[in-house]
Every structure is written in structure tokens, then in C-alpha cells.
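Source file: target-v6.cif (mmCIF, C-alpha atoms)
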```cif
data_final
#
loop_
_atom_site.label_atom_id
_atom_site.label_comp_id
_atom_site.auth_asym_id
_atom_site.auth_seq_id
_atom_site.Cartn_x
_atom_site.Cartn_y
_atom_site.Cartn_z
CA MET A 1 58.72 141.09 121.29
CA LYS A 2 62.10 140.91 123.00
CA HIS A 3 61.34 137.34 124.11
CA PHE A 4 60.48 136.39 120.52
CA SER A 5 63.60 138.11 119.16
CA ALA A 6 65.78 136.27 121.62
CA LYS A 7 64.30 132.94 120.59
CA LEU A 8 64.74 133.87 116.94
CA LEU A 9 68.38 134.79 117.52
CA MET A 10 69.00 131.53 119.37
CA ALA A 11 67.40 129.52 116.58
CA THR A 12 69.40 131.40 113.97
CA ALA A 13 72.62 130.82 115.90
CA PHE A 14 71.81 127.13 116.23
CA LEU A 15 71.14 126.77 112.51
CA CYS A 16 74.35 128.64 111.67
CA GLY A 17 76.23 126.32 114.01
CA VAL A 18 74.73 123.27 112.29
CA ALA A 19 75.60 124.71 108.88
CA PHE A 20 79.16 125.42 110.04
CA ALA A 21 79.55 121.92 111.48
CA SER A 22 78.19 120.47 108.24
CA ALA A 23 80.65 122.53 106.21
CA GLN A 24 83.45 121.34 108.46
CA ALA A 25 82.34 117.73 108.06
CA ASP A 26 82.38 118.11 104.29
CA THR A 27 86.09 118.99 104.26
CA ILE A 28 87.96 116.00 102.84
CA LYS A 29 91.33 115.33 104.45
CA VAL A 30 93.65 114.20 101.67
CA SER A 31 96.88 112.84 103.12
CA VAL A 32 100.31 112.69 101.60
CA ALA A 33 103.06 110.82 103.47
CA ALA A 34 104.81 112.88 106.13
CA GLU A 35 108.21 111.72 104.87
CA PRO A 36 109.56 113.81 101.95
CA TYR A 37 109.18 112.08 98.60
CA PRO A 38 110.16 114.60 95.92
CA PRO A 39 109.01 115.35 93.30
CA PHE A 40 105.71 113.84 94.46
CA ALA A 41 105.29 115.57 97.81
CA SER A 42 107.63 117.53 100.06
CA LYS A 43 107.66 120.78 102.00
CA ASP A 44 109.00 123.98 100.50
CA ALA A 45 110.99 126.62 102.38
CA SER A 46 107.79 128.11 103.81
CA GLY A 47 106.59 124.76 105.13
CA GLN A 48 103.90 124.27 102.50
CA TRP A 49 103.38 120.89 100.84
CA VAL A 50 104.26 121.01 97.16
CA GLY A 51 104.87 118.52 94.36
CA PHE A 52 103.22 116.51 91.64
CA GLU A 53 100.74 114.68 93.86
CA VAL A 54 99.85 117.85 95.79
CA ASP A 55 99.06 119.73 92.58
CA LEU A 56 97.17 116.76 91.19
CA ALA A 57 95.11 116.31 94.37
CA LYS A 58 94.06 119.95 94.27
CA ALA A 59 93.09 119.70 90.59
CA VAL A 60 91.11 116.48 91.14
CA CYS A 61 89.28 117.92 94.16
CA LYS A 62 88.39 121.05 92.20
CA ALA A 63 87.08 119.00 89.27
CA ALA A 64 85.12 116.80 91.69
CA LYS A 65 83.74 119.87 93.51
CA LEU A 66 85.18 118.67 96.80
CA ASP A 67 86.51 120.88 99.59
CA CYS A 68 89.87 119.23 100.29
CA GLU A 69 92.58 119.88 102.84
CA ILE A 70 96.10 118.56 102.26
CA VAL A 71 97.45 116.91 105.41
CA ALA A 72 100.39 114.60 106.15
CA THR A 73 100.55 111.25 107.94
CA ALA A 74 103.52 109.00 108.73
CA TRP A 75 103.75 106.42 105.96
CA ASP A 76 103.83 103.35 108.19
CA GLY A 77 100.64 104.48 109.93
CA ILE A 78 98.73 105.89 106.99
CA ILE A 79 96.35 102.95 106.44
CA PRO A 80 95.48 102.71 110.17
CA ALA A 81 94.83 106.48 110.14
CA LEU A 82 92.45 106.08 107.21
CA ILE A 83 90.56 103.22 108.85
CA ALA A 84 90.35 105.22 112.11
CA LYS A 85 88.84 108.16 110.15
CA LYS A 86 91.67 110.53 111.01
CA ILE A 87 92.05 111.13 107.27
CA ASP A 88 89.70 110.52 104.33
CA VAL A 89 91.97 109.81 101.38
CA ILE A 90 95.51 108.46 101.03
CA TRP A 91 97.19 110.32 98.16
CA ALA A 92 100.76 109.18 98.61
CA SER A 93 102.05 107.12 95.67
CA MET A 94 100.34 104.03 97.06
CA THR A 95 100.41 101.16 94.57
CA ILE A 96 97.16 99.23 94.31
CA THR A 97 97.82 95.68 95.52
CA PRO A 98 95.60 92.73 96.47
CA GLU A 99 96.88 92.89 100.07
CA ARG A 100 96.01 96.57 100.46
CA SER A 101 92.71 96.12 98.62
CA ALA A 102 91.69 93.58 101.26
CA GLN A 103 91.85 96.40 103.85
CA ILE A 104 90.83 99.53 101.95
CA GLY A 105 89.27 100.70 98.71
CA PHE A 106 90.99 102.59 95.90
CA THR A 107 90.12 105.15 93.28
CA ILE A 108 90.96 104.40 89.69
CA ARG A 109 94.69 104.75 89.17
CA TYR A 110 95.94 108.27 88.65
CA TYR A 111 99.53 107.58 87.59
CA ASN A 112 101.98 104.76 87.05
CA THR A 113 105.75 104.77 86.68
CA PRO A 114 108.10 101.80 86.70
CA PRO A 115 110.31 100.93 89.66
CA GLU A 116 114.06 100.91 89.21
CA PHE A 117 117.29 99.88 90.87
CA ILE A 118 120.10 102.43 91.06
CA GLY A 119 123.70 101.84 92.11
CA ASN A 120 127.22 103.18 91.85
CA LYS A 121 128.31 103.84 88.26
CA ALA A 122 131.36 101.61 88.65
CA ASP A 123 129.42 98.57 89.85
CA LYS A 124 127.82 95.81 87.79
CA PHE A 125 125.13 93.45 89.01
CA ASP A 126 123.67 90.07 88.22
CA PHE A 127 119.98 90.46 89.04
CA THR A 128 119.34 86.78 89.67
CA PRO A 129 118.58 85.52 93.20
CA GLU A 130 122.02 83.90 93.28
CA GLY A 131 123.76 86.97 91.89
CA MET A 132 122.20 89.25 94.51
CA LYS A 133 123.19 87.07 97.46
CA GLY A 134 124.82 89.28 100.09
CA LYS A 135 124.22 92.52 98.17
CA SER A 136 122.89 95.35 100.31
CA ILE A 137 119.65 96.81 98.97
CA GLY A 138 117.96 99.88 100.47
CA VAL A 139 114.19 100.29 100.32
CA GLN A 140 111.62 102.43 102.09
CA THR A 141 109.72 100.49 104.71
CA SER A 142 106.17 99.22 104.06
CA THR A 143 106.39 99.78 100.30
CA ILE A 144 105.73 97.60 97.29
CA HIS A 145 109.46 97.85 96.55
CA ALA A 146 110.34 96.39 99.95
CA GLN A 147 107.94 93.52 99.37
CA TYR A 148 109.41 92.85 95.93
CA VAL A 149 113.05 92.61 97.02
CA GLN A 150 112.16 90.49 100.05
CA LYS A 151 110.30 88.05 97.80
CA THR A 152 112.74 88.05 94.89
CA TYR A 153 116.08 88.26 96.70
CA PRO A 154 115.71 86.42 100.04
CA ASP A 155 119.49 86.08 100.43
CA ALA A 156 120.26 89.76 99.88
CA ASP A 157 121.00 92.12 102.77
CA ILE A 158 117.81 94.16 102.67
CA LYS A 159 117.83 97.37 104.68
CA SER A 160 114.60 99.28 105.36
CA TYR A 161 114.48 103.05 105.82
CA GLY A 162 111.84 105.39 107.16
CA THR A 163 112.38 107.78 104.27
CA GLN A 164 113.62 107.42 100.71
CA ASP A 165 116.06 110.28 101.27
CA ALA A 166 117.81 108.26 104.00
CA ALA A 167 118.22 105.26 101.69
CA ASN A 168 119.56 107.49 98.91
CA ALA A 169 122.03 109.13 101.31
CA ASP A 170 123.43 105.74 102.35
CA LEU A 171 123.82 104.75 98.70
CA ALA A 172 125.71 107.96 97.94
CA ALA A 173 127.93 107.35 101.01
CA GLY A 174 128.81 103.84 99.82
CA ARG A 175 126.91 102.04 102.58
CA LEU A 176 124.57 100.31 100.11
CA ASP A 177 125.06 98.50 96.84
CA LEU A 178 121.63 99.34 95.44
CA VAL A 179 118.46 101.26 96.13
CA MET A 180 115.07 100.39 94.70
CA ALA A 181 112.14 102.81 94.47
CA ASP A 182 109.84 104.52 92.01
CA ALA A 183 111.78 105.56 88.90
CA ALA A 184 110.45 109.12 88.94
CA ALA A 185 111.59 109.65 92.53
CA LEU A 186 115.02 108.14 91.90
CA ASP A 187 115.49 110.07 88.67
CA ASP A 188 115.00 113.25 90.70
CA PHE A 189 117.78 112.09 93.05
CA LEU A 190 120.10 111.13 90.17
CA ALA A 191 119.67 114.58 88.63
CA GLY A 192 120.90 116.28 91.80
CA LYS A 193 124.42 116.79 93.16
CA ASP A 194 124.25 113.86 95.61
CA GLY A 195 123.11 111.48 92.89
CA GLN A 196 126.08 111.99 90.58
CA CYS A 197 127.67 108.85 92.05
CA CYS A 198 125.05 106.60 90.66
CA GLU A 199 122.94 105.48 87.71
CA MET A 200 119.98 103.33 86.79
CA LYS A 201 120.89 99.62 86.82
CA GLN A 202 117.63 97.82 86.05
CA PHE A 203 113.88 98.26 85.56
CA PRO A 204 112.49 95.17 87.32
CA LYS A 205 109.42 93.52 85.81
CA ASP A 206 106.64 92.05 87.93
CA PRO A 207 102.83 91.99 87.56
CA VAL A 208 102.47 93.71 90.94
CA PHE A 209 103.79 96.95 89.43
CA GLU A 210 101.21 97.06 86.63
CA ALA A 211 98.16 98.11 88.69
CA GLY A 212 99.47 101.63 89.21
CA VAL A 213 98.87 104.17 91.96
CA GLY A 214 95.43 105.07 93.30
CA GLY A 215 93.89 107.09 96.09
CA GLY A 216 93.17 104.98 99.17
CA LEU A 217 89.71 105.20 100.74
CA ARG A 218 87.59 103.41 103.27
CA LYS A 219 85.58 100.73 101.49
CA GLU A 220 82.27 102.16 102.64
CA ASP A 221 83.00 105.62 101.15
CA THR A 222 81.55 104.72 97.76
CA ASP A 223 80.16 108.21 97.06
CA LEU A 224 83.58 109.78 97.67
CA LYS A 225 85.21 107.19 95.44
CA ALA A 226 82.75 107.97 92.63
CA LYS A 227 83.45 111.71 92.91
CA LEU A 228 87.23 111.26 92.97
CA ASP A 229 87.10 108.84 90.04
CA GLU A 230 85.19 111.43 88.01
CA GLY A 231 87.66 114.10 89.10
CA ILE A 232 90.60 112.00 87.92
CA LYS A 233 88.92 111.38 84.58
CA ALA A 234 88.17 115.11 84.24
CA VAL A 235 91.79 116.27 84.77
CA TYR A 236 92.94 113.79 82.16
CA ALA A 237 90.23 114.89 79.71
CA ASN A 238 90.74 118.64 80.13
CA GLY A 239 94.53 118.55 79.82
CA GLU A 240 95.32 119.49 83.43
CA PHE A 241 97.07 116.19 84.14
CA ASP A 242 99.43 116.70 81.23
CA ALA A 243 100.19 120.27 82.30
CA ILE A 244 100.91 119.20 85.88
CA GLN A 245 103.15 116.26 84.97
CA LYS A 246 105.21 118.43 82.62
CA LYS A 247 106.17 120.61 85.61
CA TYR A 248 107.86 117.65 87.29
CA PHE A 249 108.76 114.95 84.75
CA LYS A 250 110.46 114.67 81.39
CA TYR A 251 108.32 111.70 80.40
CA ASN A 252 104.73 110.58 80.64
CA VAL A 253 103.60 109.13 83.98
CA GLY A 254 99.94 109.13 83.10
CA THR A 255 97.80 106.11 82.37
CA PRO A 256 94.37 106.29 80.73
CA PRO A 257 91.73 106.10 83.49
CA LYS A 258 89.61 102.93 83.47
#
```
Represent the supplied structure as C-alpha cells.
Amino acid sequence: MKHFSAKLLMATAFLCGVAFASAQADTIKVSVAAEPYPPFASKDASGQWVGFEVDLAKAVCKAAKLDCEIVATAWDGIIPALIAKKIDVIWASMTITPERSAQIGFTIRYYNTPPEFIGNKADKFDFTPEGMKGKSIGVQTSTIHAQYVQKTYPDADIKSYGTQDAANADLAAGRLDLVMADAAALDDFLAGKDGQCCEMKQFPKDPVFEAGVGGGLRKEDTDLKAKLDEGIKAVYANGEFDAIQKKYFKYNVGTPPK
């Protein structure tokens, strides 16, 4: 009887271990960028990640019945981390582009806001390639904004930064003529004390900005994509998206899911 009980206990322990490992494997690592990007994602005083995209990720995962963990990855290594299976989803204001889509898959878009240039209130700009010659423009590295200014203004003095905060700080200190980034992120800067120097100068137009932002996934993770797509649609349909965006923005950043 003791021999049987021991075998039974071992089998039970093994099955529990398998169940635990399975539960662990089912945890989806949803990654924001490690660099602060308020109001989308940044750490609060207690070290917790907070912001629009953090709240939205949690709501989408709940609607999709997914067990998600919010993690952070350096922006310039976030696609390699996804491909290497260190994370499962990129949820970091990543614009859907043909170049990125050649490497990874995307959910349907979950928000879209226009890009903008901001500069000192006293300065005026001619946003032609000739007019921007020699102007210093700050952008965050490896972003759609960096690609745009490099393509559109090849004769400008383009300076890349690891974080958007660093670019904004150089603009406020007079070391840059302009900064380009997502309008919602720059509006947050302009509303603060450090941003009182500056104002919006232009909303650039380009087809590359029309695709919007989606969650990045490995191409083979089709089941996960389907669940996240349904989760995104659900938070739009049940009003959660609208409630979340109103906490952070004065205008609509939502786009009807397709």
C-alpha cells in the first residue's frame, strides 16, 4: 500500500508540474519599450509600468482571455527579442510599415495619431527640402519619424536619440531647431513646464503614417493574432477603449478596427 501511495504521489506531483509548466507557457509576454514614452508607457514612482498602452494591453488581454505579463525591452532591440522568443507581443506604439511587416506580423491597428514637428515659439520654418537644409531635427532612433526625416530632408542635420525625452530636453535647451514624434507624445511634453518654450509647427503628411499602430507578433503565431484582434475589437465595441483614451488624451486616437 505504501509503495502504491508513493507511486501515486509521484504521478500526482509530475502531473501538477506539467500543469504548472503549461500555465507558465501560456503567459503572454507583452512588451512596451524600456525607454519612457509618456503618456503611452512609463514607470510611476513605485516602478510600475503605467500609461495608455499599458491600460489598453491589459484590457485587450482580458477581453481575449489571455494571461499577459507586461515587460519592457529596449526599443532598438525589440524586434530581435520578439523573433528570438524572449517576448511574445510588441505593444510599443509601433507603426505598421511594409519593412517591419517583412520581418514580423501585426495585429489589426489599435490606435493612430498624426506625427508632428515642434519647435521654439519664436522660430518659423519652411518645410521644403531646401528650406530645411542645415536645420537640426531630433528624432528617436529606429522610428518611423526618423525614417521620414531622413528620406524627406536629406540635407538637414538629423540627430537620433535613444529616448524621446532626451530629444525633447535638447529642444528645450536650444540645441535643436525641431523635434518630430507622435503628436500625442509631444502634446504631453508641450503641456508640461519644460515644453513651454515650444509649439506645434507642422503635421507632416505621408502615406506611411496612415497604417496606424499595431501589436507586433511572430508571423507563425496566427492563433495569438486572432485572439488579440478579437480583443481589440471587443474593447472598442464595449466602450473600454474610449474610457481608457479619455484618461490620457483630449482628442480621439482611436480608429475603427478592420
task: Go ahead and compute the interatomic distance for atom CA of Leu190 of chain A and atom CA of Ala57 of chain A, in Å to one decimal.
output: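 One can read the atom CA of Leu190 of chain A to atom CA of Ala57 of chain A distance as 25.9 Å.
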task: Go through A:Ala45, A:Leu56, A:Leu171, A:Val50 and flag the residue nearest Ala243 of chain A, using all atoms listed in the file for the distances.
output: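 Ranking A:Ala45, A:Leu56, A:Leu171, A:Val50 by distance to Ala243 of chain A, first place goes to A:Leu56.
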Residue nearest Asp188 of chain A among A:Tyr37, A:Ile108, A:Ser31, A:Thr97 (counting all atoms listed in the file):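 Answer, going by the shortest atom-to-atom distance: A:Tyr37.
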- prompt: Do you have the atom CA of Lys227 of chain A-atom CA of Ile104 of chain A distance handy?
  reply: 16.9 Å
- request: Output the residue selection produced by the PyMOL selection byres ((chain A and resi 183-186) around 8) on the file above, formatted as a PyMOL selection string.
  value: chain A and resi 37-40+113-116+118+181-182+187-190+249
Between atom CA of Tyr248 of chain A and atom CA of Gly51 of chain A - distance in Å to one decimal: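 Interatomic distance, atom CA of Gly51 of chain A to atom CA of Tyr248 of chain A: 7.7 Å.
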message: Can you pull out the residues contacting Gly162 of chain A? Cut-off 9 Å, using all atoms listed in the file, and skip same-chain residues under 5 positions away; I want them as a ChimeraX atom specification.
response: /A:35,75-76,139-142,167
- request: Could you expand the PyMOL selection byres ((chain A and resi 101) around 12) into the explicit residues it covers here, written as JSON, numbers by chain?
  value: {"A": [79, 94, 95, 96, 97, 98, 99, 100, 102, 103, 104, 105, 106, 107, 211, 214, 215, 216, 217, 218, 219]}
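Among the candidates A:Thr152, A:Asn238, A:Thr255, A:Gln164, the residue lying nearest to Ala63 of chain A is A:Asn238 (atoms considered: all atoms listed in the file).
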- prompt: With distances taken over all atoms listed in the file, which of A:Asp123, A:Arg109, A:Val32, A:Lys246 is nearest to Ile232 of chain A?
  reply: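 Under the stated criterion, the closest residue is A:Arg109.
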Kindly resolve the PyMOL selection byres ((chain A and resi 172) around 9) on the present coordinates and return the residues as a PDB file with C-alpha atoms, keeping the file's coordinate frame.
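Just written: selection13.pdb:
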```pdb
ATOM      1  CA  GLY A 119     123.700 101.840  92.110  1.00  0.00           C
ATOM      2  CA  ASN A 120     127.220 103.180  91.850  1.00  0.00           C
ATOM      3  CA  ALA A 167     118.220 105.260 101.690  1.00  0.00           C
ATOM      4  CA  ASN A 168     119.560 107.490  98.910  1.00  0.00           C
ATOM      5  CA  ALA A 169     122.030 109.130 101.310  1.00  0.00           C
ATOM      6  CA  ASP A 170     123.430 105.740 102.350  1.00  0.00           C
ATOM      7  CA  LEU A 171     123.820 104.750  98.700  1.00  0.00           C
ATOM      8  CA  ALA A 173     127.930 107.350 101.010  1.00  0.00           C
ATOM      9  CA  GLY A 174     128.810 103.840  99.820  1.00  0.00           C
ATOM     10  CA  ARG A 175     126.910 102.040 102.580  1.00  0.00           C
ATOM     11  CA  LEU A 176     124.570 100.310 100.110  1.00  0.00           C
ATOM     12  CA  ASP A 194     124.250 113.860  95.610  1.00  0.00           C
ATOM     13  CA  GLY A 195     123.110 111.480  92.890  1.00  0.00           C
ATOM     14  CA  GLN A 196     126.080 111.990  90.580  1.00  0.00           C
ATOM     15  CA  CYS A 197     127.670 108.850  92.050  1.00  0.00           C
ATOM     16  CA  CYS A 198     125.050 106.600  90.660  1.00  0.00           C
TER      17      CYS A 198
END
```
query: Taking into account all atoms listed in the file, which residue in the set A:Glu220, A:Asp126, A:Asp242, A:Asp229 is nearest to Ile83 of chain A?
result: A:Glu220
Using only C-alpha atoms, which protein or nucleic acid residues come within 7 Å of Asn112 of chain A? Drop anything in the same chain fewer than 5 positions from it, and give the result as a compact mmCIF listing (two decimals) with C-alpha atoms, keeping the file's coordinate frame.
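Output (selection_27.txt):
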```txt
# COMPACT_ATOMS: atom_id res chain seq x y z
CA GLY A 212 99.47 101.63 89.21
CA VAL A 213 98.87 104.17 91.96
CA VAL A 253 103.60 109.13 83.98
CA GLY A 254 99.94 109.13 83.10
CA THR A 255 97.80 106.11 82.37
```
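Comparing the minimum interatomic distances between Pro204 of chain A and each of A:Glu53, A:Val235, A:Phe117, A:Gln48, counting all atoms listed in the file, we find that A:Phe117 sits nearest.
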